[in-house]
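**Q** The structure file model_15.txt (compact mmCIF, C-alpha atoms and all ligand atoms) is provided below.
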```txt
# COMPACT_ATOMS: atom_id res chain seq x y z
CA MET A 119 0.00 0.00 0.00
CA GLY A 120 1.66 3.21 -1.17
CA VAL A 121 1.02 6.40 0.83
CA LEU A 122 -0.37 9.39 -1.10
CA ASN A 123 -0.92 12.45 1.10
CA ILE A 124 -2.74 15.34 -0.61
CA THR A 125 -1.52 18.21 1.50
CA PRO A 126 -1.84 21.92 0.71
CA ASP A 127 1.13 23.92 -0.54
CA SER A 128 1.65 27.63 0.00
CA PHE A 129 -0.32 28.48 -3.16
CA SER A 130 -3.47 26.45 -2.70
CA ASP A 131 -5.14 24.10 -0.26
CA GLY A 132 -4.33 21.01 -2.27
CA GLY A 133 -6.83 21.50 -5.06
CA SER A 134 -4.55 23.15 -7.60
CA PHE A 135 -4.09 21.51 -11.00
CA THR A 136 -0.36 21.08 -10.57
CA GLN A 137 -0.85 19.46 -7.18
CA ILE A 138 -3.50 17.10 -8.53
CA GLU A 139 -1.28 16.20 -11.49
CA SER A 140 1.78 15.62 -9.32
CA ALA A 141 -0.25 13.45 -6.94
CA VAL A 142 -1.57 11.37 -9.85
CA GLN A 143 1.95 10.99 -11.25
CA HIS A 144 3.25 9.92 -7.83
CA ALA A 145 0.50 7.31 -7.55
CA LEU A 146 1.28 5.92 -11.02
CA LYS A 147 4.96 5.78 -10.15
CA MET A 148 4.23 3.83 -6.95
CA ALA A 149 2.10 1.45 -8.99
CA GLU A 150 5.02 0.95 -11.36
CA GLN A 151 7.31 0.29 -8.38
CA GLY A 152 5.07 -2.50 -7.14
CA ALA A 153 2.31 -0.93 -5.04
CA THR A 154 -1.00 -2.81 -5.38
CA ILE A 155 -2.98 -0.26 -3.35
CA ILE A 156 -2.74 3.55 -3.25
CA ASP A 157 -3.86 5.04 0.07
CA ILE A 158 -5.17 8.56 -0.54
CA GLY A 159 -5.49 10.97 2.40
CA GLY A 160 -6.67 14.56 2.37
CA GLU A 161 -6.24 15.34 6.07
CA SER A 162 -3.09 14.85 8.13
CA THR A 163 -3.44 12.96 11.43
CA ARG A 164 -0.36 14.67 12.91
CA PRO A 165 -1.12 15.95 16.42
CA ASN A 166 -0.71 19.62 15.49
CA ALA A 167 -2.38 19.38 12.06
CA LEU A 168 -5.11 21.88 11.20
CA PRO A 169 -8.59 20.35 10.84
CA VAL A 170 -9.85 20.13 7.25
CA SER A 171 -13.51 20.71 6.35
CA THR A 172 -15.48 17.94 4.63
CA ASP A 173 -15.78 19.95 1.43
CA GLU A 174 -12.09 20.79 1.35
CA GLU A 175 -11.13 17.16 1.95
CA ILE A 176 -13.45 16.08 -0.88
CA GLN A 177 -12.00 18.72 -3.20
CA ARG A 178 -8.52 17.39 -2.49
CA VAL A 179 -9.09 13.67 -2.89
CA VAL A 180 -11.79 13.32 -5.60
CA PRO A 181 -9.82 14.88 -8.48
CA VAL A 182 -6.82 12.70 -7.62
CA ILE A 183 -8.92 9.51 -7.45
CA GLU A 184 -10.49 10.41 -10.81
CA GLY A 185 -7.07 11.20 -12.28
CA ILE A 186 -5.60 7.87 -11.18
CA ARG A 187 -8.72 5.95 -12.28
CA HIS A 188 -8.35 7.54 -15.73
CA LYS A 189 -4.94 5.91 -16.15
CA SER A 190 -4.93 2.80 -13.93
CA ASP A 191 -7.24 0.27 -12.29
CA ILE A 192 -4.96 -0.10 -9.27
CA ALA A 193 -6.83 -0.51 -5.97
CA ILE A 194 -7.40 2.78 -4.17
CA SER A 195 -8.18 3.16 -0.46
CA ILE A 196 -9.58 6.40 0.94
CA ASP A 197 -7.89 7.45 4.16
CA THR A 198 -10.70 9.34 5.88
CA SER A 199 -12.95 9.24 8.95
CA LYS A 200 -15.72 11.43 7.50
CA ALA A 201 -18.84 9.72 6.13
CA ASP A 202 -19.35 12.20 3.27
CA VAL A 203 -15.73 11.94 2.15
CA MET A 204 -16.07 8.14 2.10
CA LYS A 205 -19.13 8.45 -0.14
CA ALA A 206 -17.57 10.94 -2.56
CA ALA A 207 -14.33 8.95 -2.77
CA ILE A 208 -16.01 5.60 -3.42
CA GLU A 209 -18.31 7.19 -6.01
CA ALA A 210 -15.23 8.69 -7.69
CA GLY A 211 -13.67 5.24 -8.01
CA ALA A 212 -11.96 4.33 -4.73
CA ASP A 213 -12.29 0.67 -3.70
CA PHE A 214 -12.26 0.59 0.08
CA ILE A 215 -12.14 2.68 3.25
CA ASN A 216 -9.09 3.16 5.47
CA ASP A 217 -10.37 4.74 8.69
CA VAL A 218 -7.95 5.56 11.51
CA TYR A 219 -11.04 6.06 13.71
CA ALA A 220 -12.40 2.56 12.89
CA LEU A 221 -15.85 3.88 11.84
CA GLN A 222 -16.47 5.51 15.24
CA ARG A 223 -17.19 9.02 14.02
CA THR A 224 -20.68 10.30 13.30
CA GLY A 225 -22.44 8.53 10.47
CA SER A 226 -19.36 6.64 9.26
CA LEU A 227 -20.44 3.13 10.30
CA ASP A 228 -23.80 3.42 8.50
CA MET A 229 -22.15 5.07 5.50
CA ALA A 230 -19.60 2.25 5.19
CA ALA A 231 -22.44 -0.27 5.39
CA SER A 232 -24.43 1.50 2.69
CA LEU A 233 -21.38 1.78 0.42
CA GLY A 234 -20.83 -1.98 0.73
CA VAL A 235 -17.02 -1.78 0.36
CA PRO A 236 -14.25 -3.31 2.51
CA VAL A 237 -12.95 -1.29 5.44
CA CYS A 238 -9.69 -1.18 7.39
CA LEU A 239 -10.38 -0.67 11.11
CA MET A 240 -7.33 0.87 12.81
CA HIS A 241 -6.83 1.16 16.56
CA MET A 242 -6.07 4.56 18.07
CA GLN A 243 -5.96 5.37 21.78
CA ALA A 244 -7.64 8.75 22.44
CA ASP A 245 -7.25 11.17 19.50
CA PRO A 246 -4.34 12.73 17.55
CA THR A 247 -4.14 15.77 19.84
CA THR A 248 -3.77 13.76 23.08
CA MET A 249 -2.79 10.22 22.09
CA GLN A 250 0.96 10.60 22.65
CA ASP A 251 0.73 12.36 26.02
CA GLN A 252 0.76 9.29 28.27
CA PRO A 253 -0.14 6.14 26.28
CA HIS A 254 -1.04 3.47 28.83
CA TYR A 255 -2.34 -0.11 28.59
CA LEU A 256 -2.63 -2.87 31.19
CA ASN A 257 -1.97 -5.32 28.34
CA VAL A 258 -1.66 -3.71 24.93
CA VAL A 259 -2.31 -6.87 22.90
CA GLU A 260 -5.37 -7.84 24.97
CA GLU A 261 -6.81 -4.33 24.85
CA LEU A 262 -6.43 -4.12 21.09
CA ASN A 263 -8.03 -7.55 20.67
CA ASP A 264 -10.98 -6.37 22.77
CA PHE A 265 -11.22 -3.24 20.59
CA PHE A 266 -11.15 -5.29 17.38
CA ALA A 267 -13.84 -7.68 18.69
CA GLN A 268 -16.04 -4.72 19.62
CA ARG A 269 -15.59 -2.93 16.28
CA ILE A 270 -16.16 -6.14 14.28
CA ALA A 271 -19.40 -6.71 16.23
CA ALA A 272 -20.50 -3.13 15.52
CA CYS A 273 -19.80 -3.68 11.81
CA GLU A 274 -21.68 -7.01 11.70
CA GLN A 275 -24.68 -5.35 13.37
CA VAL A 276 -25.03 -2.96 10.42
CA GLY A 277 -24.42 -5.68 7.84
CA ILE A 278 -20.71 -5.27 7.14
CA ALA A 279 -19.55 -8.88 6.77
CA LYS A 280 -16.39 -9.94 8.60
CA GLY A 281 -14.96 -10.91 5.21
CA LYS A 282 -14.93 -7.20 4.34
CA ILE A 283 -12.87 -6.17 7.38
CA ILE A 284 -9.11 -5.55 7.67
CA LEU A 285 -7.60 -4.98 11.13
CA ASP A 286 -4.74 -2.62 11.96
CA PRO A 287 -3.01 -2.04 15.35
CA GLY A 288 -2.32 1.60 14.47
CA PHE A 289 1.41 1.86 15.15
CA GLY A 290 2.19 5.21 16.70
CA PHE A 291 -1.42 6.11 17.42
CA GLY A 292 -1.40 6.28 21.22
CA LYS A 293 1.52 3.92 21.74
CA THR A 294 4.97 4.25 23.33
CA LEU A 295 8.01 2.76 21.62
CA GLN A 296 7.66 -0.29 23.85
CA HIS A 297 3.99 -0.69 22.90
CA ASN A 298 4.89 -0.47 19.19
CA LEU A 299 7.65 -3.08 19.57
CA THR A 300 5.35 -5.43 21.48
CA LEU A 301 2.60 -5.05 18.86
CA LEU A 302 5.04 -5.81 16.03
CA ALA A 303 6.56 -8.76 17.89
CA LYS A 304 3.12 -10.21 18.72
CA LEU A 305 1.28 -9.25 15.50
CA LYS A 306 0.16 -12.88 15.03
CA GLU A 307 -2.06 -12.56 18.12
CA PHE A 308 -4.48 -10.47 16.02
CA GLU A 309 -5.06 -13.30 13.53
CA SER A 310 -7.65 -14.87 15.87
CA HIS A 311 -10.42 -12.65 14.42
CA GLY A 312 -9.94 -14.20 10.97
CA CYS A 313 -9.33 -10.87 9.22
CA PRO A 314 -6.23 -9.74 7.26
CA ILE A 315 -3.82 -7.49 9.15
CA LEU A 316 -2.53 -4.17 7.83
CA ALA A 317 0.62 -2.62 9.34
CA GLY A 318 1.59 1.03 8.90
CA LEU A 319 5.11 1.58 10.25
CA SER A 320 6.77 3.57 7.48
CA ARG A 321 9.10 6.32 8.69
CA LYS A 322 7.22 6.66 11.99
CA SER A 323 8.73 8.14 15.14
CA MET A 324 9.50 4.70 16.63
CA PHE A 325 12.46 4.65 14.23
CA GLY A 326 13.42 8.12 15.37
CA GLN A 327 13.47 6.81 18.93
CA LEU A 328 15.22 3.53 18.07
CA LEU A 329 17.76 4.84 15.57
CA ASP A 330 17.94 8.53 16.44
CA LYS A 331 17.14 9.36 12.78
CA LYS A 332 15.02 12.10 11.24
CA VAL A 333 11.99 11.29 9.06
CA ASP A 334 13.95 11.27 5.78
CA GLU A 335 16.64 8.95 7.24
CA ARG A 336 14.31 6.14 8.33
CA LEU A 337 14.28 4.09 5.09
CA ILE A 338 16.28 1.11 6.36
CA GLY A 339 14.37 0.98 9.63
CA SER A 340 11.07 1.18 7.78
CA VAL A 341 11.95 -1.53 5.23
CA SER A 342 13.24 -3.77 8.03
CA ALA A 343 10.02 -3.30 9.98
CA ALA A 344 7.83 -3.91 6.91
CA LEU A 345 9.58 -7.23 6.31
CA LEU A 346 9.17 -8.17 9.99
CA ALA A 347 5.47 -7.23 9.88
CA VAL A 348 4.91 -9.55 6.91
CA ALA A 349 6.96 -12.29 8.56
CA ASN A 350 4.71 -11.83 11.63
CA GLY A 351 1.50 -12.16 9.66
CA ALA A 352 0.67 -8.81 8.04
CA SER A 353 -1.05 -9.11 4.65
CA ILE A 354 -0.66 -5.40 3.78
CA VAL A 355 2.08 -2.90 4.67
CA ARG A 356 1.45 0.83 4.26
CA VAL A 357 4.68 2.44 3.06
CA HIS A 358 6.18 5.61 1.55
CA ASP A 359 9.17 3.84 -0.04
CA VAL A 360 7.46 1.40 -2.39
CA ALA A 361 10.36 0.29 -4.59
CA GLU A 362 12.66 -0.50 -1.67
CA THR A 363 9.96 -2.28 0.31
CA ALA A 364 8.85 -4.27 -2.75
CA ASP A 365 12.42 -5.55 -3.18
CA ALA A 366 12.66 -6.59 0.47
CA LEU A 367 9.33 -8.41 0.27
CA LYS A 368 10.39 -10.16 -2.96
CA VAL A 369 13.39 -11.57 -1.09
CA TYR A 370 11.13 -12.58 1.82
CA MET A 371 8.57 -14.29 -0.45
CA ALA A 372 11.26 -16.11 -2.42
CA VAL A 373 12.74 -17.57 0.75
CA GLN A 374 9.26 -18.45 2.03
CA ALA A 375 8.61 -20.32 -1.23
CA ALA A 376 11.79 -22.33 -0.68
CA LYS A 377 10.56 -23.72 2.64
C1 LIG B 401 -3.55 7.06 7.43
N1 LIG B 401 -2.61 6.29 8.28
C2 LIG B 401 -1.51 6.73 8.93
S1 LIG B 401 -1.00 8.39 8.90
C3 LIG B 401 0.27 8.44 10.07
C4 LIG B 401 1.65 8.41 9.46
O1 LIG B 401 1.88 7.84 8.43
N2 LIG B 401 2.53 9.09 10.20
C5 LIG B 401 3.84 9.31 9.87
C6 LIG B 401 4.34 9.19 8.57
C7 LIG B 401 5.68 9.49 8.32
C8 LIG B 401 6.52 9.91 9.35
C9 LIG B 401 6.01 10.03 10.64
C10 LIG B 401 4.68 9.73 10.90
N3 LIG B 401 -0.89 5.74 9.60
C11 LIG B 401 -1.66 4.61 9.38
C12 LIG B 401 -1.55 3.26 9.84
O2 LIG B 401 -0.65 2.87 10.60
N4 LIG B 401 -2.53 2.40 9.42
C13 LIG B 401 -3.55 2.81 8.59
N5 LIG B 401 -4.46 1.89 8.23
N6 LIG B 401 -3.65 4.08 8.14
C14 LIG B 401 -2.72 4.96 8.54
```
Let me see the structure of the file written as structure tokens.
Ligand SMILES: Cn1c(SCC(=O)Nc2ccccc2)nc2c(=O)[nH]c(N)nc21
**A**
Amino acid sequence: MGVLNITPDSFSDGGSFTQIESAVQHALKMAEQGATIIDIGGESTRPNALPVSTDEEIQRVVPVIEGIRHKSDIAISIDTSKADVMKAAIEAGADFINDVYALQRTGSLDMAASLGVPVCLMHMQADPTTMQDQPHYLNVVEELNDFFAQRIAACEQVGIAKGKIILDPGFGFGKTLQHNLTLLAKLKEFESHGCPILAGLSRKSMFGQLLDKKVDERLIGSVSAALLAVANGASIVRVHDVAETADALKVYMAVQAAK
């Protein structure tokens, strides 16, 4: 899964032609490098990020989805928590929902059910503005399994079949370094729900803490972690560095095939 963030530049709020074109080109390049999914997000989840209105988020993501769809039938996930953005994105050609709030925000659960597409349910403790203050769990794996069971039940109650659900521990979303390492080490413990696991580790601050590296120096750490996530049961890895990660996973799969 290649990451495509549609963020504003100093000239426009993300809706300018050049920005749409460059986003589409980036998506096509990631597809060429081996991405099988493009994850499109119009609102940053960074703690200090400015909130984006529904209309603005739609104006950012829809033209890019349409532009990609014009040139490629690669799978597209919409990274949003807003019901109306989900609707507009799926109608524009996106294939499934990637919701860091696991369909907990107003109207999103019913919207996902009515759209009838698969959904990735990610765990987050608290919300982006407070989640990294004092992340605390009695048992992080157990608490995330309880969360997944509860969200899966909520989905099944509105008619979203379990076969349409992907689970994601939400690395870095209300977790300390130790929590993130435990979740990666014990990723297989989430297989009990019978849903594929998605892991998003790419360039995150855990590598800053582990390796004392800035965001643009975390390639090796990120590729290493992506390979470990797949070795520990992840079916999808969400990454910025598609070509490098694709090579690492090719090596992993080749060795797996030789077992
Ligand atoms: C939208 N989204 C995000 S955004 C956060 C991010 O990439 N931060 C970040 C990126 C680069 C450097 C530092 C931090 N992370 C996930 C995830 O882990 N799983 C799923 N499913 N979706 C996700």
**Q** When distances are computed from all atoms listed in the file, which of A:Gly288, A:Ala347, A:Thr163, A:Ser190 shows the smallest separation from A:Thr247?
**A**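 Smallest distance to A:Thr247 is found for A:Thr163.
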**Q** Could you pull out the residues sitting within 6 Å of ligand LIG 401 (chain B), using all atoms listed in the file, and write them as a list in words?
**A**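 With all atoms listed in the file and a cut-off of 6 Å, ligand LIG 401 (chain B) is contacted by Thr163, Asp197, Asn216, Val218, Met240, Asp286, Gly288, Phe289, Ala317, Gly318, Leu319, Arg321, Lys322, Ser323 and Val333 of chain A.
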**Q** For atom CA of A:Val276 and atom CA of A:Thr172, quote the distance in Å rounded to one decimal.
**A**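 About the pair atom CA of A:Val276 and atom CA of A:Thr172: they are 23.7 Å apart.
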**Q** Mind giving me the straight-line distance from atom CA of A:Leu233 to atom CA of A:Ser310 in Å, one decimal?
**A**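 That distance, rounded to one decimal, is 26.5 Å.
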**Q** Between A:Val369, A:Ala149, A:Ala141, A:Cys238, single out the one closest to A:Leu221, counting only C-alpha atoms.
**A** A:Cys238
**Q** List the neighbours of A:Val348 out to 9 Å using only C-alpha atoms; skip same-chain residues closer than 6 positions along the sequence, and give me the result as an mmCIF file with C-alpha atoms, keeping the file's coordinate frame.
**A**
```cif
data_model
loop_
_atom_site.group_PDB
_atom_site.id
_atom_site.type_symbol
_atom_site.label_atom_id
_atom_site.label_comp_id
_atom_site.auth_asym_id
_atom_site.auth_seq_id
_atom_site.Cartn_x
_atom_site.Cartn_y
_atom_site.Cartn_z
ATOM 1 C CA ALA A 317 0.620 -2.620 9.340
ATOM 2 C CA ILE A 354 -0.660 -5.400 3.780
ATOM 3 C CA VAL A 355 2.080 -2.900 4.670
ATOM 4 C CA LEU A 367 9.330 -8.410 0.270
ATOM 5 C CA TYR A 370 11.130 -12.580 1.820
#
```
**Q** When you draw a straight line from atom CA of A:Cys273 to atom CA of A:Ala231, how long is it in Å?
**A**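 It comes out at 7.7 Å.
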**Q** Extract, using all atoms listed in the file, all DNA, RNA and protein residues at most 8 Å from A:Val259, discarding same-chain residues fewer than 4 positions from it, and format them as a PyMOL selection string.
**A** chain A and resi 263+300-301+304+307
**Q** From the set A:Ala375, A:Gly312, A:Leu302, A:Gly225, which residue has the shortest atom-to-atom contact distance to A:Ala344, counting only C-alpha atoms?
**A**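 Residue with the minimum atom-to-atom distance to A:Ala344: A:Leu302.
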**Q** Using all atoms listed in the file, which of the listed residues (A:Gly132, A:Gly351, A:Gly326, A:Pro236) sits closest to A:Asp217?
**A**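 Among the listed residues, the smallest separation from A:Asp217 belongs to A:Pro236.
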**Q** Looking at A:Leu146, A:Val341, A:Val373, A:Val121, which one is nearest to A:Ser162, with distances taken over all atoms listed in the file?
**A**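 Of all the options, A:Val121 lies closest to A:Ser162.
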**Q** With only C-alpha atoms as the counted atoms, please give the residues lying no more than 6 Å from A:Ile284, apart from itself and same-chain residues fewer than 2 positions off, as a PyMOL selection string.
**A** chain A and resi 238+313-315
**Q** My list of candidates is A:Lys332, A:Leu299, A:Pro126, A:Tyr219. Which is closest to A:Ala244 when distances are computed with all atoms listed in the file?
**A** A:Tyr219
**Q** Given the point (-16.5, -2.5, -12.0) in the file's coordinates, find the residues that have an atom at most 10 Å from it, counting all atoms listed in the file, and give them as a list in words.
**A**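 Residues close enough to count: Asp191, Gly211 and Asp213 of chain A.
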**Q** What lies within 9 Å of stretch 135-140 of chain A using only C-alpha atoms, ignoring chain neighbours under 6 positions off, as a ChimeraX atom specification?
**A** /A:124-127,178-179,181-182,185
